[in-house]
$ cat start.cif   # mmCIF, C-alpha atoms and all ligand atoms
data_structure
loop_
_atom_site.label_atom_id
_atom_site.label_comp_id
_atom_site.auth_asym_id
_atom_site.auth_seq_id
_atom_site.Cartn_x
_atom_site.Cartn_y
_atom_site.Cartn_z
CA MET A 1 6.12 41.50 -8.99
CA SER A 2 3.70 44.05 -10.44
CA HIS A 3 4.13 45.00 -14.07
CA VAL A 4 2.75 47.86 -16.13
CA PHE A 5 1.36 46.33 -19.33
CA LEU A 6 0.82 48.44 -22.43
CA ILE A 7 -1.75 46.92 -24.75
CA GLY A 8 -3.44 48.13 -27.92
CA PHE A 9 -3.46 47.83 -31.67
CA MET A 10 -0.35 47.79 -33.85
CA GLY A 11 0.91 51.35 -34.21
CA ALA A 12 -0.57 52.49 -30.88
CA GLY A 13 2.95 53.39 -29.69
CA LYS A 14 3.32 50.66 -27.04
CA SER A 15 7.07 50.18 -27.50
CA THR A 16 7.99 53.85 -27.78
CA VAL A 17 5.76 54.91 -24.90
CA GLY A 18 6.90 51.90 -22.88
CA GLN A 19 10.56 52.86 -23.11
CA ILE A 20 9.84 56.45 -22.04
CA LEU A 21 7.65 55.26 -19.19
CA ALA A 22 10.14 52.64 -18.00
CA GLU A 23 12.82 55.29 -17.76
CA ARG A 24 10.55 57.63 -15.81
CA LEU A 25 9.48 54.88 -13.42
CA GLY A 26 13.01 53.50 -13.06
CA LEU A 27 11.85 50.04 -14.17
CA PRO A 28 13.23 47.68 -16.80
CA PHE A 29 11.51 47.72 -20.19
CA VAL A 30 10.35 44.45 -21.74
CA ASP A 31 9.20 44.16 -25.36
CA LEU A 32 7.22 40.92 -25.50
CA ASP A 33 7.65 40.55 -29.29
CA ALA A 34 11.43 41.00 -28.90
CA ARG A 35 11.47 38.31 -26.18
CA ILE A 36 9.58 35.96 -28.50
CA THR A 37 11.89 36.53 -31.48
CA GLU A 38 15.01 36.16 -29.30
CA SER A 39 13.88 32.85 -27.85
CA ALA A 40 12.64 31.56 -31.24
CA GLY A 41 15.73 32.74 -33.12
CA ARG A 42 13.33 33.95 -35.83
CA SER A 43 11.56 37.18 -36.75
CA VAL A 44 7.81 37.54 -36.14
CA VAL A 45 7.20 37.09 -39.88
CA GLU A 46 9.31 33.92 -39.94
CA ILE A 47 7.46 32.51 -36.93
CA PHE A 48 4.12 33.16 -38.67
CA ASP A 49 5.45 31.58 -41.89
CA VAL A 50 6.96 28.47 -40.29
CA GLU A 51 4.80 27.88 -37.20
CA GLY A 52 1.61 29.68 -38.23
CA GLU A 53 -0.25 32.26 -36.16
CA GLN A 54 -1.04 29.50 -33.66
CA GLY A 55 2.68 28.88 -33.10
CA PHE A 56 3.24 32.57 -32.54
CA ARG A 57 0.32 32.81 -30.09
CA GLY A 58 1.69 29.86 -28.12
CA ARG A 59 5.05 31.58 -27.80
CA GLU A 60 3.32 34.85 -26.88
CA SER A 61 1.41 33.14 -24.05
CA GLU A 62 4.59 31.45 -22.78
CA GLY A 63 6.46 34.77 -22.81
CA LEU A 64 3.67 36.46 -20.90
CA ALA A 65 3.40 33.68 -18.32
CA ALA A 66 7.17 33.80 -17.73
CA LEU A 67 6.81 37.38 -16.47
CA ALA A 68 5.12 36.03 -13.33
CA GLN A 69 8.62 35.12 -12.10
CA ALA A 70 10.28 38.33 -13.31
CA PRO A 71 10.95 41.56 -11.43
CA SER A 72 8.49 44.43 -11.97
CA SER A 73 8.80 46.01 -15.40
CA VAL A 74 7.03 48.00 -18.08
CA VAL A 75 5.88 45.55 -20.76
CA ALA A 76 4.96 46.43 -24.35
CA CYS A 77 2.68 43.61 -25.50
CA GLY A 78 1.94 42.62 -29.09
CA GLY A 79 -1.42 43.83 -30.39
CA GLY A 80 -2.95 40.35 -30.27
CA VAL A 81 -2.04 39.48 -26.69
CA VAL A 82 -5.63 39.98 -25.56
CA LEU A 83 -7.02 37.29 -27.88
CA ALA A 84 -6.45 34.37 -25.48
CA ASP A 85 -8.62 34.12 -22.35
CA GLU A 86 -5.64 32.91 -20.34
CA ASN A 87 -3.53 35.89 -21.41
CA ARG A 88 -6.28 38.28 -20.35
CA ARG A 89 -6.45 36.55 -16.97
CA LEU A 90 -2.67 36.80 -16.58
CA LEU A 91 -2.62 40.46 -17.55
CA LYS A 92 -5.26 41.27 -14.94
CA THR A 93 -3.46 39.39 -12.17
CA MET A 94 0.12 40.46 -12.90
CA GLY A 95 -0.16 44.22 -12.79
CA CYS A 96 -1.78 47.34 -14.17
CA VAL A 97 -3.03 47.24 -17.76
CA ILE A 98 -2.98 50.39 -19.89
CA TYR A 99 -4.87 50.39 -23.18
CA LEU A 100 -3.33 52.81 -25.67
CA LYS A 101 -6.24 53.55 -27.95
CA VAL A 102 -5.65 54.51 -31.58
CA SER A 103 -7.92 54.63 -34.65
CA ALA A 104 -7.18 52.23 -37.50
CA GLY A 105 -6.41 55.18 -39.77
CA GLU A 106 -3.91 56.75 -37.40
CA ALA A 107 -2.36 53.35 -36.66
CA LEU A 108 -1.76 52.75 -40.37
CA ALA A 109 -0.34 56.25 -40.82
CA ARG A 110 2.09 55.64 -37.94
CA ILE A 111 3.06 52.17 -39.17
CA GLY A 112 3.65 53.31 -42.75
CA ASP A 113 5.21 50.28 -44.43
CA THR A 114 3.35 47.17 -43.25
CA THR A 115 6.26 44.84 -44.09
CA GLY A 116 7.02 42.81 -40.97
CA ARG A 117 3.38 42.90 -39.78
CA PRO A 118 2.11 39.48 -40.84
CA LEU A 119 -1.53 40.33 -40.20
CA LEU A 120 -1.47 43.43 -42.40
CA GLU A 121 1.16 42.86 -45.05
CA HIS A 122 -0.78 40.41 -47.23
CA GLY A 123 -3.64 42.29 -48.87
CA ASP A 124 -5.35 45.62 -48.39
CA ALA A 125 -4.16 46.91 -45.01
CA GLY A 126 -6.56 49.87 -45.27
CA ALA A 127 -9.49 47.46 -45.28
CA MET A 128 -8.08 44.86 -42.88
CA ALA A 129 -6.95 47.16 -40.05
CA PRO A 130 -10.43 48.55 -39.17
CA THR A 131 -11.92 45.03 -39.19
CA LEU A 132 -9.17 43.64 -36.98
CA LEU A 133 -9.37 46.58 -34.59
CA ALA A 134 -13.17 46.34 -34.34
CA ALA A 135 -12.89 42.64 -33.46
CA ARG A 136 -10.44 43.43 -30.64
CA GLU A 137 -11.70 46.70 -29.22
CA MET A 138 -13.94 45.00 -26.67
CA LEU A 139 -11.11 42.72 -25.51
CA TYR A 140 -8.77 45.67 -24.98
CA ARG A 141 -11.46 47.43 -22.96
CA MET A 142 -12.30 44.33 -20.94
CA VAL A 143 -8.79 43.96 -19.61
CA ALA A 144 -7.80 47.64 -19.26
CA ASP A 145 -7.44 49.40 -15.93
CA VAL A 146 -6.73 52.67 -17.71
CA ILE A 147 -7.55 53.80 -21.26
CA VAL A 148 -5.48 56.54 -22.88
CA ASP A 149 -6.66 57.95 -26.22
CA THR A 150 -3.45 58.56 -28.15
CA SER A 151 -5.07 60.40 -31.08
CA GLY A 152 -2.87 63.27 -32.19
CA LEU A 153 -0.57 62.89 -29.16
CA SER A 154 3.21 62.49 -29.16
CA ALA A 155 4.70 59.47 -27.39
CA GLU A 156 5.98 61.83 -24.65
CA ALA A 157 2.47 63.22 -24.11
CA VAL A 158 0.99 59.70 -23.94
CA ALA A 159 3.68 58.65 -21.46
CA ASP A 160 2.79 61.73 -19.32
CA GLN A 161 -0.85 60.64 -19.25
CA VAL A 162 0.01 57.07 -18.32
CA PHE A 163 2.38 58.28 -15.63
CA ASP A 164 -0.30 60.54 -14.13
CA ALA A 165 -2.88 57.73 -14.23
CA LEU A 166 -0.50 55.34 -12.44
CA ASP A 167 0.28 58.01 -9.87
CA ALA A 168 -3.44 58.63 -9.25
CA ALA A 169 -4.06 54.88 -8.86
CA ARG A 170 -1.15 54.59 -6.43
CA ARG A 171 -2.50 57.48 -4.32
CA GLN A 172 -5.97 55.93 -4.28
CA ASN A 173 -4.61 52.60 -3.10
CA ARG A 174 -2.43 54.13 -0.40
CA PRO A 175 -3.91 53.56 3.08
CA SER A 176 -4.94 56.89 4.69
C1 LIG B 201 0.24 41.42 -33.71
C2 LIG B 201 0.94 42.54 -33.39
C3 LIG B 201 2.41 42.60 -33.46
C4 LIG B 201 3.01 41.21 -33.33
C5 LIG B 201 2.39 40.28 -34.31
C6 LIG B 201 0.89 40.13 -34.10
C7 LIG B 201 -1.24 41.44 -33.64
O1 LIG B 201 2.92 43.42 -32.41
O2 LIG B 201 2.86 40.72 -32.02
O3 LIG B 201 2.66 40.76 -35.59
O4 LIG B 201 -1.86 40.38 -33.63
O5 LIG B 201 -1.81 42.56 -33.57
P1 LIG B 201 2.75 45.04 -32.38
O6 LIG B 201 1.39 45.34 -31.86
O7 LIG B 201 3.81 45.47 -31.43
O8 LIG B 201 2.98 45.54 -33.77
#
$ encode --input "start.cif" --output "structure tokens"
Amino acid sequence: MSHVFLIGFMGAGKSTVGQILAERLGLPFVDLDARITESAGRSVVEIFDVEGEQGFRGRESEGLAALAQAPSSVVACGGGVVLADENRRLLKTMGCVIYLKVSAGEALARIGDTTGRPLLEHGDAGAMAPTLLAAREMLYRMVADVIVDTSGLSAEAVADQVFDALDAARRQNRPS
């Protein structure tokens, strides 16, 4: 098992890019948030409401750990997956980690309506997003094997860059 993990802030394009990439690589696509909501039988917002953020993070860690037994895939992770030390360790050991970098402003423009994003929907998203991103930026960088700046790029163009980076890494690791 060796997964390709897409990490980054909300609105970075992890799910859209992940689906394009999975198709190009001929691998299954896994959306970690979708796995969590399926197994909980609740939406992300409902999980936050009923179980708190802590409950959601517990489910997120379980979902990530379960991938150790799963066939190789492209995995779109939720924006907060890097918060837990154990998750960062798992990401590093289970495959290649791609950080899709986006500014808070562009992320908010892509997200549009923040309904369904429990960390942004209560209050001033324009003020909260930069603070949240600044607090996580170092964690994304710490765990990333590859960083792709998505500013102004289409999902197809980002997927091209990730594909090329994976190809370059594969060539480098190939015995000569
Ligand atoms: C979160 C991001 C969301 C989701 C949850 C928490 C975060 O996923 O996991 O709302 O902490 O940044 P996306 O990044 O796919 O929106």
$ axis_aligned_box --input "start.cif" --around "ligand LIG 201 (chain B)" --padding-each-side "3 Å" --output "lines of an AutoDock Vina configuration file"
center_x = 1.0
center_y = 42.8
center_z = -33.5
size_x = 11.7
size_y = 11.4
size_z = 10.2
$ closest_atom_pairs --input "start.cif" --of "chain A" --to "ligand LIG 201 (chain B)" --cutoff "6 Å" --atoms "only C-alpha atoms and all ligand atoms" --output "JSON lines"
{"residue": "A:Phe9", "atom": "CA", "partner": "B:LIG201", "partner_atom": "O6", "distance": 5.5}
{"residue": "A:Met10", "atom": "CA", "partner": "B:LIG201", "partner_atom": "O6", "distance": 3.6}
{"residue": "A:Asp33", "atom": "CA", "partner": "B:LIG201", "partner_atom": "O2", "distance": 5.5}
{"residue": "A:Gly78", "atom": "CA", "partner": "B:LIG201", "partner_atom": "O1", "distance": 3.6}
{"residue": "A:Gly79", "atom": "CA", "partner": "B:LIG201", "partner_atom": "O5", "distance": 3.4}
{"residue": "A:Gly80", "atom": "CA", "partner": "B:LIG201", "partner_atom": "O4", "distance": 3.5}
{"residue": "A:Arg117", "atom": "CA", "partner": "B:LIG201", "partner_atom": "O3", "distance": 4.8}
{"residue": "A:Pro118", "atom": "CA", "partner": "B:LIG201", "partner_atom": "O3", "distance": 5.4}
$ atom_distance --input "start.cif" --atom1 "CA of Leu91 (chain A)" --atom2 "CA of Gln172 (chain A)"
20.7 Å
$ closest_atom_pairs --input "start.cif" --of "region 82-153 of chain A" --to "region 71-77 of chain A" --cutoff "10 Å" --atoms "all atoms listed in the file" --output "JSON lines"
{"residue": "A:Val82", "atom": "CA", "partner": "A:Cys77", "partner_atom": "CA", "distance": 9.1}
{"residue": "A:Met94", "atom": "CA", "partner": "A:Ser72", "partner_atom": "CA", "distance": 9.3}
{"residue": "A:Gly95", "atom": "CA", "partner": "A:Ser72", "partner_atom": "CA", "distance": 8.7}
{"residue": "A:Cys96", "atom": "CA", "partner": "A:Val74", "partner_atom": "CA", "distance": 9.7}
{"residue": "A:Val97", "atom": "CA", "partner": "A:Val75", "partner_atom": "CA", "distance": 9.6}
{"residue": "A:Ile98", "atom": "CA", "partner": "A:Ala76", "partner_atom": "CA", "distance": 9.9}
$ write_last_selection --input "start.cif" --atoms "C-alpha atoms" --output "PDB file, keeping the file's coordinate frame"
ATOM      1  CA  VAL A  82      -5.630  39.980 -25.560  1.00  0.00           C
ATOM      2  CA  MET A  94       0.120  40.460 -12.900  1.00  0.00           C
ATOM      3  CA  GLY A  95      -0.160  44.220 -12.790  1.00  0.00           C
ATOM      4  CA  CYS A  96      -1.780  47.340 -14.170  1.00  0.00           C
ATOM      5  CA  VAL A  97      -3.030  47.240 -17.760  1.00  0.00           C
ATOM      6  CA  ILE A  98      -2.980  50.390 -19.890  1.00  0.00           C
TER       7      ILE A  98
END
$ atom_distance --input "start.cif" --atom1 "CA of Leu32 (chain A)" --atom2 "CA of Ala70 (chain A)"
12.8 Å
$ closest_residue --input "start.cif" --among "A:Gln54, A:Arg136, A:Asp31, A:Ile147" --to "Ser15 (chain A)" --atoms "only C-alpha atoms"
A:Asp31
$ closest_residue --input "start.cif" --among "A:Val146, A:Ala125, A:Leu21, A:Leu27" --to "Gly112 (chain A)" --atoms "all atoms listed in the file"
A:Ala125
$ closest_residue --input "start.cif" --among "A:Ile7, A:Phe56, A:Ala65, A:Ala165" --to "Glu137 (chain A)" --atoms "all atoms listed in the file"
A:Ile7
$ atom_distance --input "start.cif" --atom1 "CA of Leu153 (chain A)" --atom2 "CA of Tyr140 (chain A)"
19.5 Å
$ residues_near_point --input "start.cif" --point "(-10.5, 58.5, -30.7)" --cutoff "12 Å" --atoms "only C-alpha atoms" --output "NGL selection string"
:A and (12 or 100-107 or 137 or 147-153)
$ closest_residue --input "start.cif" --among "A:Glu23, A:Glu38, A:Asp49, A:Asp124" --to "Leu108 (chain A)" --atoms "only C-alpha atoms"
A:Asp124
$ closest_residue --input "start.cif" --among "A:Leu139, A:Ile20, A:Leu132, A:Leu119" --to "Gly52 (chain A)" --atoms "only C-alpha atoms"
A:Leu119
$ closest_residue --input "start.cif" --among "A:Ile111, A:Phe5, A:Glu51, A:Leu120" --to "Ala144 (chain A)" --atoms "all atoms listed in the file"
A:Phe5
$ residues_around --input "start.cif" --residues "Asn87 (chain A)" --least-positions-apart "5" --cutoff "9 Å" --atoms "all atoms listed in the file" --output "MDAnalysis selection string"
chainID A and resid 60:61 64:65 81:82 92
